[in-house]
file input-v8.txt (compact mmCIF, C-alpha atoms and all ligand atoms)
# COMPACT_ATOMS: atom_id res chain seq x y z
CA MET J 25 0.00 0.00 0.00
CA ASP J 26 1.10 3.52 -0.78
CA PHE J 27 0.85 5.47 2.45
CA PHE J 28 1.56 8.83 0.81
CA SER J 29 -0.38 9.40 -2.39
CA TYR J 30 -2.14 12.06 -4.43
CA ARG J 31 -5.90 11.88 -4.33
CA GLY J 32 -7.93 14.41 -6.22
CA GLY J 33 -4.71 16.31 -6.90
CA GLU J 34 -3.80 16.66 -3.20
CA LEU J 35 -1.10 14.84 -1.31
CA HIS J 36 -2.52 12.60 1.41
CA ALA J 37 -0.85 10.86 4.35
CA GLU J 38 -2.97 7.72 4.51
CA GLY J 39 -6.48 9.20 4.30
CA VAL J 40 -5.57 12.71 5.47
CA PRO J 41 -4.98 15.64 3.09
CA VAL J 42 -1.71 17.03 4.40
CA SER J 43 -2.80 20.59 3.59
CA GLU J 44 -5.37 20.21 6.38
CA ILE J 45 -2.55 19.47 8.84
CA ALA J 46 -0.45 22.41 7.66
CA GLY J 47 -3.49 24.69 7.77
CA ARG J 48 -4.20 23.78 11.37
CA ILE J 49 -0.76 23.52 12.94
CA GLY J 50 1.51 25.37 10.56
CA THR J 51 4.84 24.42 9.02
CA PRO J 52 7.43 22.98 9.10
CA ALA J 53 5.88 19.74 10.30
CA PHE J 54 6.89 16.10 10.16
CA VAL J 55 3.93 13.93 9.20
CA TYR J 56 4.32 10.20 9.87
CA SER J 57 2.11 7.46 8.52
CA GLY J 58 1.43 5.01 11.35
CA GLY J 59 0.67 2.29 8.84
CA ALA J 60 3.94 2.77 6.96
CA PHE J 61 5.95 2.67 10.18
CA GLU J 62 4.22 -0.49 11.40
CA SER J 63 4.47 -2.28 8.10
CA GLY J 64 8.18 -1.48 7.99
CA LEU J 65 8.57 -3.32 11.27
CA THR J 66 6.31 -6.28 10.54
CA GLY J 67 7.62 -6.63 6.98
CA LEU J 68 11.13 -7.18 8.30
CA ARG J 69 10.04 -9.52 11.06
CA ASP J 70 7.90 -11.60 8.71
CA ALA J 71 10.69 -11.82 6.14
CA PHE J 72 12.65 -14.02 8.54
CA GLY J 73 9.88 -16.60 8.53
CA ARG J 74 10.59 -19.34 11.03
CA THR J 75 14.13 -18.19 11.82
CA PRO J 76 14.11 -16.87 15.39
CA VAL J 77 14.65 -13.12 15.19
CA SER J 78 14.31 -10.23 17.66
CA VAL J 79 13.54 -6.92 16.01
CA CYS J 80 15.16 -4.13 18.04
CA TYR J 81 14.11 -0.89 16.36
CA SER J 82 16.96 1.62 16.29
CA VAL J 83 15.56 4.49 18.34
CA LYS J 84 17.99 7.09 16.95
CA ALA J 85 16.26 7.06 13.56
CA ALA J 86 12.98 8.52 14.85
CA SER J 87 12.35 8.47 18.55
CA ASN J 88 8.94 10.02 19.16
CA LEU J 89 7.11 8.22 21.98
CA ALA J 90 4.08 7.58 19.76
CA LEU J 91 6.28 5.69 17.29
CA LEU J 92 8.08 3.78 20.05
CA LYS J 93 4.70 2.82 21.50
CA LYS J 94 3.95 1.11 18.20
CA VAL J 95 7.18 -0.85 18.55
CA ALA J 96 6.09 -1.87 22.05
CA ASP J 97 2.57 -2.81 20.94
CA LEU J 98 4.02 -5.08 18.27
CA GLY J 99 5.99 -6.86 20.98
CA MET J 100 9.31 -5.68 19.56
CA GLY J 101 12.43 -4.28 21.22
CA ALA J 102 14.80 -1.35 20.85
CA ASP J 103 18.40 -0.60 20.00
CA ILE J 104 19.52 2.38 22.08
CA VAL J 105 22.72 4.40 22.26
CA SER J 106 22.22 6.64 25.29
CA GLY J 107 20.55 6.99 28.65
CA GLY J 108 18.09 9.35 26.98
CA GLU J 109 17.09 6.69 24.48
CA LEU J 110 16.72 4.17 27.32
CA PHE J 111 14.39 6.64 29.05
CA ARG J 112 12.29 7.06 25.91
CA ALA J 113 12.13 3.34 25.18
CA LEU J 114 11.04 2.45 28.72
CA LYS J 115 8.56 5.34 28.86
CA SER J 116 6.89 4.10 25.70
CA GLY J 117 6.41 0.63 27.16
CA ILE J 118 9.21 -1.31 25.48
CA PRO J 119 10.30 -3.92 28.05
CA ALA J 120 13.88 -3.60 29.25
CA SER J 121 14.41 -7.27 28.46
CA LYS J 122 14.08 -6.40 24.76
CA ILE J 123 16.56 -3.52 24.74
CA VAL J 124 20.11 -3.71 23.41
CA PHE J 125 22.55 -0.91 24.27
CA SER J 126 24.98 0.03 21.49
CA GLY J 127 27.52 2.83 21.13
CA VAL J 128 31.23 3.50 21.69
CA GLY J 129 30.95 5.93 24.58
CA LYS J 130 28.64 4.58 27.26
CA THR J 131 29.22 6.26 30.63
CA ALA J 132 29.23 4.54 34.01
CA ALA J 133 25.96 6.31 34.87
CA GLU J 134 24.31 5.06 31.69
CA MET J 135 25.57 1.53 32.35
CA ALA J 136 24.11 1.64 35.86
CA GLU J 137 20.72 2.84 34.58
CA ALA J 138 20.59 0.08 31.99
CA LEU J 139 21.68 -2.58 34.50
CA ASP J 140 19.05 -1.45 36.98
CA ALA J 141 16.41 -1.57 34.26
CA GLY J 142 17.52 -5.10 33.32
CA ILE J 143 18.27 -4.76 29.61
CA MET J 144 18.83 -7.69 27.25
CA MET J 145 22.49 -6.91 26.53
CA PHE J 146 25.24 -4.34 26.21
CA ASN J 147 27.00 -4.33 22.85
CA LEU J 148 30.58 -3.67 23.94
CA GLU J 149 32.99 -1.85 21.70
CA SER J 150 36.31 -1.86 23.56
CA GLU J 151 38.24 -3.48 26.38
CA GLY J 152 38.07 -0.26 28.39
CA GLU J 153 34.32 -0.29 28.18
CA MET J 154 34.24 -3.95 29.19
CA ASP J 155 36.37 -3.25 32.27
CA LEU J 156 34.17 -0.36 33.33
CA LEU J 157 30.97 -2.35 32.89
CA ALA J 158 32.47 -5.23 34.88
CA ASP J 159 33.15 -2.80 37.75
CA VAL J 160 29.73 -1.16 37.59
CA ALA J 161 28.02 -4.57 37.59
CA LEU J 162 30.21 -5.86 40.42
CA ASP J 163 29.25 -2.82 42.52
CA ARG J 164 25.60 -3.63 42.00
CA GLY J 165 26.06 -7.34 42.63
CA VAL J 166 24.79 -8.41 39.22
CA ALA J 167 26.21 -10.07 36.12
CA ALA J 168 25.88 -7.85 33.04
CA PRO J 169 24.78 -9.60 29.84
CA VAL J 170 27.20 -8.54 27.12
CA SER J 171 27.87 -9.05 23.46
CA PHE J 172 30.93 -7.94 21.55
CA ARG J 173 30.42 -5.59 18.68
CA VAL J 174 33.11 -6.73 16.34
CA ASN J 175 34.50 -4.72 13.49
CA PRO J 176 34.58 -7.13 10.55
CA ASP J 177 36.49 -4.75 8.23
CA VAL J 178 33.84 -4.92 5.54
CA ASP J 179 33.23 -2.12 3.04
CA PRO J 180 29.52 -1.24 3.19
CA ARG J 181 29.84 0.88 0.01
CA THR J 182 27.91 3.79 1.47
CA HIS J 183 28.53 7.44 2.46
CA PRO J 184 31.80 7.63 4.46
CA TYR J 185 30.06 9.34 7.40
CA VAL J 186 27.75 6.36 7.89
CA ALA J 187 30.22 3.56 7.13
CA THR J 188 31.09 1.92 10.43
CA GLY J 189 32.50 -1.53 9.67
CA LEU J 190 35.84 -0.61 8.12
CA LYS J 191 38.95 -1.11 10.21
CA GLU J 192 39.69 2.65 10.16
CA SER J 193 36.38 3.34 11.91
CA LYS J 194 36.02 4.12 15.62
CA PHE J 195 33.45 1.35 15.95
CA GLY J 196 33.75 -2.20 17.16
CA ILE J 197 36.45 -4.53 18.40
CA PRO J 198 38.82 -5.63 15.64
CA TRP J 199 37.44 -9.10 14.97
CA GLY J 200 40.80 -10.78 15.41
CA GLU J 201 40.95 -9.51 18.99
CA ALA J 202 37.54 -10.86 20.01
CA PRO J 203 38.67 -14.36 21.12
CA ALA J 204 41.23 -12.97 23.59
CA LEU J 205 38.70 -10.51 24.95
CA ALA J 206 36.14 -13.29 25.25
CA ARG J 207 38.58 -15.30 27.39
CA LYS J 208 38.89 -12.30 29.67
CA ALA J 209 35.10 -11.78 29.79
CA LEU J 210 34.59 -15.45 30.71
CA SER J 211 36.93 -15.01 33.66
CA LEU J 212 34.98 -12.03 35.05
CA PRO J 213 32.06 -13.10 37.27
CA SER J 214 30.21 -9.81 36.77
CA LEU J 215 29.94 -10.32 33.00
CA LYS J 216 27.97 -12.88 31.02
CA LEU J 217 29.01 -13.18 27.38
CA VAL J 218 25.75 -13.90 25.54
CA GLY J 219 26.20 -12.57 22.06
CA LEU J 220 28.15 -11.16 19.16
CA ASP J 221 27.20 -8.08 17.23
CA CYS J 222 28.15 -6.02 14.21
CA HIS J 223 26.82 -3.02 12.33
CA VAL J 224 28.77 -2.16 9.20
CA GLY J 225 26.99 0.98 8.09
CA SER J 226 23.77 2.63 7.09
CA GLN J 227 21.87 3.00 3.80
CA LEU J 228 23.37 -0.17 2.33
CA THR J 229 21.96 -0.86 -1.10
CA ALA J 230 23.46 -4.32 -1.66
CA ALA J 231 23.20 -7.55 0.30
CA GLY J 232 26.87 -8.49 -0.16
CA PRO J 233 28.32 -6.52 2.78
CA PHE J 234 25.67 -7.96 5.13
CA SER J 235 26.59 -11.51 4.07
CA GLU J 236 30.31 -10.84 4.43
CA ALA J 237 29.97 -9.37 7.91
CA VAL J 238 27.55 -11.97 9.22
CA ARG J 239 29.73 -14.81 7.92
CA ILE J 240 32.61 -13.44 10.01
CA LEU J 241 30.32 -13.07 13.01
CA ALA J 242 29.01 -16.62 12.68
CA GLY J 243 32.53 -18.08 12.38
CA LEU J 244 33.54 -16.23 15.50
CA ALA J 245 30.40 -17.34 17.35
CA ALA J 246 31.16 -20.99 16.58
CA GLU J 247 34.72 -20.51 17.81
CA LEU J 248 33.63 -18.83 21.05
CA LYS J 249 30.91 -21.40 21.67
CA ALA J 250 33.50 -24.12 21.35
CA SER J 251 35.56 -22.41 24.04
CA GLY J 252 32.67 -22.27 26.47
CA ALA J 253 30.89 -18.96 25.81
CA GLY J 254 27.09 -19.20 25.94
CA ILE J 255 26.49 -17.29 22.74
CA ARG J 256 22.73 -16.93 22.37
CA TYR J 257 22.41 -13.88 20.18
CA LEU J 258 23.85 -12.93 16.84
CA ASP J 259 23.06 -9.22 16.44
CA VAL J 260 23.54 -8.20 12.83
CA GLY J 261 22.85 -4.49 13.37
CA GLY J 262 20.82 -2.26 11.09
CA GLY J 263 21.77 -0.67 7.81
CA LEU J 264 19.24 -1.77 5.22
CA GLY J 265 18.90 1.07 2.71
CA ILE J 266 15.77 2.66 1.26
CA THR J 267 14.83 4.35 -1.98
CA TYR J 268 15.23 8.11 -1.76
CA ARG J 269 15.61 8.58 -5.49
CA ASP J 270 16.49 5.60 -7.66
CA GLU J 271 18.37 3.28 -5.31
CA SER J 272 17.25 -0.33 -5.35
CA PRO J 273 18.18 -1.79 -1.97
CA PRO J 274 17.54 -5.46 -1.16
CA SER J 275 13.93 -6.24 -0.27
CA PRO J 276 13.27 -7.43 3.29
CA ALA J 277 13.10 -10.97 1.89
CA GLU J 278 16.47 -10.65 0.12
CA TYR J 279 18.00 -9.09 3.22
CA ALA J 280 16.64 -11.82 5.51
CA LYS J 281 17.86 -14.52 3.13
CA ALA J 282 21.37 -13.03 2.97
CA VAL J 283 21.59 -12.75 6.75
CA THR J 284 20.19 -16.19 7.60
CA GLU J 285 22.30 -17.95 4.99
CA ALA J 286 25.45 -16.24 6.21
CA ALA J 287 24.60 -17.02 9.83
CA GLY J 288 24.44 -20.68 8.87
CA GLY J 289 22.87 -23.21 11.14
CA ILE J 290 24.26 -22.08 14.48
CA GLU J 291 22.29 -24.04 17.03
CA GLY J 292 20.30 -22.23 19.68
CA VAL J 293 21.11 -18.75 18.45
CA THR J 294 18.53 -15.99 17.99
CA LEU J 295 19.20 -13.34 15.38
CA VAL J 296 18.82 -9.72 16.44
CA ILE J 297 18.28 -6.95 13.92
CA GLU J 298 18.46 -3.21 14.62
CA PRO J 299 16.62 -1.53 11.74
CA GLY J 300 16.13 2.23 11.79
CA ARG J 301 16.01 3.86 8.39
CA SER J 302 14.23 0.99 6.63
CA VAL J 303 11.36 1.32 9.12
CA ALA J 304 11.06 5.08 9.56
CA GLY J 305 12.67 6.66 6.48
CA ASN J 306 9.84 6.56 4.00
CA ALA J 307 7.15 6.66 6.69
CA CYS J 308 7.21 10.48 6.90
CA VAL J 309 7.19 13.67 4.88
CA MET J 310 8.31 17.05 6.09
CA LEU J 311 5.88 19.79 5.12
CA ALA J 312 7.20 23.27 4.46
CA ARG J 313 5.68 26.40 2.98
CA VAL J 314 7.18 28.49 0.21
CA LEU J 315 8.07 31.95 1.50
CA TYR J 316 9.69 33.57 -1.52
CA LEU J 317 10.90 32.91 -5.01
CA LYS J 318 14.23 34.60 -5.44
CA ARG J 319 16.00 34.96 -8.76
CA THR J 320 19.58 36.11 -8.95
CA PRO J 321 21.47 36.55 -12.22
CA SER J 322 22.91 33.07 -11.77
CA LYS J 323 20.30 31.00 -9.94
CA SER J 324 16.69 30.49 -8.99
CA PHE J 325 15.94 29.89 -5.34
CA VAL J 326 12.79 28.69 -3.66
CA VAL J 327 12.98 29.90 -0.05
CA VAL J 328 10.89 27.70 2.25
CA ASP J 329 10.22 27.83 5.99
CA GLY J 330 12.04 24.55 6.77
CA GLY J 331 15.82 24.47 6.84
CA MET J 332 18.91 22.55 7.84
CA ASN J 333 17.97 22.81 11.51
CA ASP J 334 14.82 20.82 10.70
CA LEU J 335 16.31 18.36 8.19
CA VAL J 336 20.09 18.35 8.11
CA ARG J 337 20.65 15.36 5.81
CA PRO J 338 21.04 17.33 2.54
CA SER J 339 23.54 19.72 4.14
CA LEU J 340 25.47 17.11 6.10
CA TYR J 341 25.61 14.19 3.67
CA GLY J 342 24.61 15.79 0.39
CA ALA J 343 21.57 13.54 0.68
CA TYR J 344 18.83 13.54 -1.95
CA HIS J 345 15.25 14.03 -0.75
CA GLU J 346 12.42 14.15 -3.24
CA ILE J 347 10.47 17.43 -3.01
CA ARG J 348 6.99 17.71 -4.46
CA PRO J 349 4.28 20.32 -4.26
CA VAL J 350 1.41 19.25 -2.00
CA ARG J 351 -1.05 20.25 -4.72
CA ALA J 352 -0.20 18.20 -7.79
CA PRO J 353 0.90 20.43 -10.69
CA SER J 354 -1.31 20.51 -13.75
CA GLN J 355 -0.45 17.99 -16.43
CA GLY J 356 2.34 19.15 -18.68
CA ALA J 357 3.38 21.94 -16.30
CA PRO J 358 6.89 23.03 -17.28
CA LEU J 359 9.77 22.11 -15.00
CA ALA J 360 12.41 24.68 -14.16
CA GLU J 361 15.61 24.17 -12.25
CA ALA J 362 15.64 25.68 -8.78
CA THR J 363 17.51 25.32 -5.51
CA VAL J 364 15.30 24.87 -2.47
CA VAL J 365 16.74 26.62 0.57
CA GLY J 366 15.72 27.32 4.14
CA PRO J 367 15.95 30.47 6.23
CA ILE J 368 19.20 29.54 8.06
CA CYS J 369 22.16 31.89 7.73
CA GLU J 370 24.50 29.45 6.02
CA SER J 371 25.09 28.74 2.37
CA GLY J 372 25.07 25.08 3.37
CA ASP J 373 21.38 25.40 4.22
CA PHE J 374 19.59 23.71 1.35
CA LEU J 375 17.05 20.94 0.92
CA ALA J 376 17.65 20.38 -2.79
CA LYS J 377 20.12 21.75 -5.29
CA ASP J 378 19.41 22.57 -8.93
CA ARG J 379 16.29 20.45 -8.95
CA PRO J 380 13.79 20.44 -11.82
CA LEU J 381 10.58 21.60 -10.15
CA PRO J 382 7.09 22.48 -11.32
CA PRO J 383 5.97 26.08 -10.88
CA LEU J 384 5.73 27.15 -7.23
CA ALA J 385 4.46 30.36 -5.68
CA PRO J 386 4.77 31.94 -2.23
CA GLY J 387 2.25 30.29 0.07
CA ASP J 388 2.41 26.90 -1.67
CA LEU J 389 3.09 23.83 0.42
CA VAL J 390 5.82 21.38 -0.46
CA ALA J 391 6.49 17.90 0.91
CA VAL J 392 10.02 16.67 1.46
CA PHE J 393 9.92 12.88 1.18
CA GLY J 394 11.94 10.30 3.07
CA ALA J 395 12.17 12.57 6.11
CA GLY J 396 11.30 9.97 8.75
CA ALA J 397 14.73 8.60 9.58
CA TYR J 398 17.32 10.99 10.98
CA GLY J 399 14.97 13.87 10.20
CA PHE J 400 13.36 15.20 13.34
CA SER J 401 15.77 13.19 15.51
CA MET J 402 18.71 15.18 14.13
CA SER J 403 16.93 18.52 14.19
CA SER J 404 18.22 21.39 16.29
CA ASN J 405 17.42 24.88 17.49
CA TYR J 406 20.12 26.49 15.35
CA ASN J 407 19.36 30.13 14.59
CA SER J 408 17.03 29.95 17.62
CA ARG J 409 14.35 28.23 15.62
CA PRO J 410 11.81 26.29 17.67
CA ARG J 411 11.76 22.66 16.58
CA ALA J 412 8.98 21.54 14.26
CA ALA J 413 5.80 19.71 15.19
CA GLU J 414 5.46 15.96 14.70
CA VAL J 415 2.15 14.50 13.56
CA LEU J 416 0.91 10.94 13.28
CA ALA J 417 -1.64 10.14 10.58
CA GLU J 418 -3.60 6.93 10.78
CA GLY J 419 -6.45 6.15 8.43
CA SER J 420 -8.44 9.33 8.11
CA SER J 421 -7.42 10.79 11.45
CA TRP J 422 -4.32 12.58 12.66
CA ARG J 423 -2.94 13.98 15.86
CA VAL J 424 0.02 16.02 17.02
CA VAL J 425 2.48 13.71 18.79
CA ARG J 426 5.02 16.43 19.53
CA ALA J 427 3.90 20.01 19.82
CA ARG J 428 5.82 22.64 17.92
CA GLU J 429 8.28 24.27 20.28
CA GLY J 430 7.77 27.85 21.36
CA TYR J 431 10.18 30.64 22.28
CA GLY J 432 10.00 29.56 25.92
CA ASP J 433 11.45 26.18 24.96
CA LEU J 434 14.41 27.96 23.39
CA VAL J 435 15.59 29.48 26.66
CA ARG J 436 14.54 26.70 29.05
CA GLY J 437 17.30 26.22 31.60
CA GLU J 438 19.09 29.46 30.71
CA SER J 439 19.55 32.36 33.10
CA LEU J 440 20.35 36.01 32.72
N1 LIG L 501 22.59 -0.13 15.02
C1 LIG L 501 23.65 0.66 15.22
C2 LIG L 501 24.68 0.22 16.18
C3 LIG L 501 23.77 1.88 14.53
O1 LIG L 501 24.84 2.64 14.73
C4 LIG L 501 22.76 2.27 13.63
C5 LIG L 501 22.84 3.54 12.92
C6 LIG L 501 21.65 1.42 13.46
C7 LIG L 501 21.60 0.22 14.15
C8 LIG L 501 20.51 1.76 12.54
O2 LIG L 501 20.93 1.80 11.21
P1 LIG L 501 19.90 2.02 10.02
O3 LIG L 501 19.04 0.79 9.93
O4 LIG L 501 19.09 3.22 10.30
O5 LIG L 501 20.77 2.19 8.83
N2 LIG L 501 22.35 10.08 10.37
C9 LIG L 501 22.69 9.21 9.27
C10 LIG L 501 22.61 7.75 9.64
C11 LIG L 501 23.43 7.38 10.85
C12 LIG L 501 23.32 5.93 11.24
C13 LIG L 501 23.94 5.69 12.55
N3 LIG L 501 23.82 4.35 13.04
C14 LIG L 501 21.83 9.54 8.08
O6 LIG L 501 20.97 10.43 8.18
O7 LIG L 501 21.99 8.97 7.01

call {"tool": "encode", "arguments": {"input": "input-v8.txt", "output": "structure tokens", "more": "lines below"}}
Ligand code: LLP
result
Amino acid sequence: MDFFSYRGGELHAEGVPVSEIAGRIGTPAFVYSGGAFESGLTGLRDAFGRTPVSVCYSVKAASNLALLKKVADLGMGADIVSGGELFRALKSGIPASKIVFSGVGKTAAEMAEALDAGIMMFNLESEGEMDLLADVALDRGVAAPVSFRVNPDVDPRTHPYVATGLKESKFGIPWGEAPALARKALSLPSLKLVGLDCHVGSQLTAAGPFSEAVRILAGLAAELKASGAGIRYLDVGGGLGITYRDESPPSPAEYAKAVTEAAGGIEGVTLVIEPGRSVAGNACVMLARVLYLKRTPSKSFVVVDGGMNDLVRPSLYGAYHEIRPVRAPSQGAPLAEATVVGPICESGDFLAKDRPLPPLAPGDLVAVFGAGAYGFSMSSNYNSRPRAAEVLAEGSSWRVVRAREGYGDLVRGESL
């Protein structure tokens, strides 16, 4: 099903004309389709068929409580990278026992919070982190369930900023060092080695790198099991790409097949996946309103009221996001090249560069597609702009799930 579609010449989110949302709550606004988000989650889970798999949605992609509540209602878990994400996940009803804690820089305080909550496992990224967790757990008289995030040195063939599985990256334990570290973990009574983990990058558009990485992980798991580690989980991370423009990433079925085949028949092991973008990315559009058309001798600009503080991906990664007018242009309307920019005082503030666009006028609404993953969650108050509203559309109804910030929010916690 197409969750965002034109009906009667108007863009709809499920059954809701998005112009109605913009008219009532203003712009910029992130409009999620509940159905798209849920089907992203269930589609991945179902693709694994009878292979045991735990879906731990990667909270960083889009972390609104209303979305996380859907994860909880589907009986799924979460991949978190901070105490703040733990707080969100628990608040939305995701059980601690379904939460995995990733990230290279966990603090002792965050470790303690996650231990007290009783999470499923910590994905450890270095010996230093392992030592600290062992101490924190010892203090609390518990054994911390851990998995090693190994760095398989696999090229994910993606943007360098989101490639994480190459040996030059800050992430993971070089896979050759994992057996020695495992021996140490097994000797520490406050740690329980229960899994192995990897995440080689984001927006992967081929299955090959997943297979390569998981094969390394599975080989290592077999080796560690043989030396007495109770490996129960093989966490293969996130990373499945989506179509922003013309990419053709593996389907959930192709992805699941690549992962399960590479994992081989390791007895008694549950796969864990940490999808973010493939669930949230195309489940949301960002609405913005055209403020001005500005022509200079060398360029045409469309100035809109959403900028890099709202959606930073074009500025930060040179990412492509489809932009379409909310009211469908008349058939045969001429296209003219324009650069869509926001109000931020930086030349790097753009949503699209030199893009063929149908005629637009001040006051028109545009929709920026693929804004669900790393959209609102990476937004900021730069230029003292209150953060945008988030809306959830389901069927023919919609509701605000995060109110637009006001000026008071901008100075909260500050003093004269
Ligand atoms: N697990 C771990 C340990 C991760 O670091 C990530 C993403 C994920 C799972 C989820 O990956 P996904 O399924 O979303 O690809 N801000 C960037 C993406 C950064 C990804 C960071 N890690 C962007 O907008 O493209």

call {"tool": "residues_around", "arguments": {"input": "input-v8.txt", "residues": "Pro276 (chain J)", "least_positions_apart": "5", "cutoff": "8 Å", "atoms": "only C-alpha atoms", "output": "PyMOL selection string"}}
result
chain J and resi 67-68+71

call {"tool": "closest_atom_pairs", "arguments": {"input": "input-v8.txt", "of": "chain J", "to": "ligand LIG 501 (chain L)", "cutoff": "8 Å", "atoms": "all atoms listed in the file", "output": "Markdown table"}}
result
| residue | atom | partner | partner_atom | distance |
| --- | --- | --- | --- | --- |
| J:Tyr81 | CA | L:LIG501 | C7 | 7.9 |
| J:Ser82 | CA | L:LIG501 | C8 | 5.2 |
| J:Lys84 | CA | L:LIG501 | C5 | 7.2 |
| J:Ala85 | CA | L:LIG501 | O4 | 5.8 |
| J:Asp103 | CA | L:LIG501 | N1 | 6.5 |
| J:Val105 | CA | L:LIG501 | C2 | 7.6 |
| J:Ser126 | CA | L:LIG501 | C2 | 5.3 |
| J:Gly127 | CA | L:LIG501 | C2 | 6.3 |
| J:Tyr185 | CA | L:LIG501 | C9 | 7.6 |
| J:Val186 | CA | L:LIG501 | C11 | 5.3 |
| J:Thr188 | CA | L:LIG501 | O1 | 7.6 |
| J:Cys222 | CA | L:LIG501 | C2 | 7.4 |
| J:His223 | CA | L:LIG501 | C2 | 5.5 |
| J:Gly225 | CA | L:LIG501 | O5 | 6.4 |
| J:Ser226 | CA | L:LIG501 | O5 | 3.5 |
| J:Gln227 | CA | L:LIG501 | O5 | 5.2 |
| J:Leu228 | CA | L:LIG501 | O5 | 7.4 |
| J:Gly261 | CA | L:LIG501 | N1 | 4.7 |
| J:Gly262 | CA | L:LIG501 | O3 | 3.7 |
| J:Gly263 | CA | L:LIG501 | O5 | 3.2 |
| J:Leu264 | CA | L:LIG501 | O3 | 5.4 |
| J:Gly265 | CA | L:LIG501 | O5 | 6.5 |
| J:Ile297 | CA | L:LIG501 | C7 | 7.9 |
| J:Glu298 | CA | L:LIG501 | C7 | 4.7 |
| J:Pro299 | CA | L:LIG501 | O3 | 3.8 |
| J:Gly300 | CA | L:LIG501 | O4 | 3.5 |
| J:Arg301 | CA | L:LIG501 | O4 | 3.7 |
| J:Ser302 | CA | L:LIG501 | O3 | 5.8 |
| J:Val303 | CA | L:LIG501 | O3 | 7.7 |
| J:Val336 | CA | L:LIG501 | O6 | 8.0 |
| J:Arg337 | CA | L:LIG501 | O6 | 5.5 |
| J:Tyr341 | CA | L:LIG501 | O7 | 7.2 |
| J:Ala343 | CA | L:LIG501 | O7 | 7.8 |
| J:Ala397 | CA | L:LIG501 | O6 | 6.7 |
| J:Tyr398 | CA | L:LIG501 | O6 | 4.6 |
| J:Gly399 | CA | L:LIG501 | O6 | 7.2 |
| J:Met402 | CA | L:LIG501 | N2 | 7.3 |

call {"tool": "atom_distance", "arguments": {"input": "input-v8.txt", "atom1": "CA of Ala250 (chain J)", "atom2": "CA of Gly200 (chain J)"}}
result
16.3 Å

call {"tool": "atom_distance", "arguments": {"input": "input-v8.txt", "atom1": "CA of Lys216 (chain J)", "atom2": "CA of Gly165 (chain J)"}}
result
13.0 Å

call {"tool": "atom_distance", "arguments": {"input": "input-v8.txt", "atom1": "CA of Leu241 (chain J)", "atom2": "CA of Ser272 (chain J)"}}
result
25.9 Å

call {"tool": "closest_residue", "arguments": {"input": "input-v8.txt", "among": "J:Ala312, J:Val160, J:Leu114, J:Ala245", "to": "Lys130 (chain J)", "atoms": "only C-alpha atoms"}}
result
J:Val160

call {"tool": "closest_residue", "arguments": {"input": "input-v8.txt", "among": "J:Val390, J:Val314, J:Leu190, J:Met332", "to": "Pro349 (chain J)", "atoms": "all atoms listed in the file"}}
result
J:Val390

call {"tool": "residues_near_point", "arguments": {"input": "input-v8.txt", "point": "(21.6, -10.8, -0.5)", "cutoff": "9 Å", "atoms": "all atoms listed in the file", "output": "list in words"}}
result
Ala230, Ala231, Gly232, Pro233, Phe234, Ser235, Pro274, Ser275, Ala277, Glu278, Tyr279, Ala280, Lys281, Ala282 and Val283 of chain J

call {"tool": "residues_around", "arguments": {"input": "input-v8.txt", "residues": "region 38-48 of chain J", "least_positions_apart": "4", "cutoff": "9 Å", "atoms": "all atoms listed in the file", "output": "ChimeraX atom specification"}}
result
/J:26-31,34,52-53,55,57-60,311-313,350-351,389,391,415,417-423

call {"tool": "closest_residue", "arguments": {"input": "input-v8.txt", "among": "J:Gly396, J:Pro353, J:Gly32, J:Gly342", "to": "Leu375 (chain J)", "atoms": "all atoms listed in the file"}}
result
J:Gly342
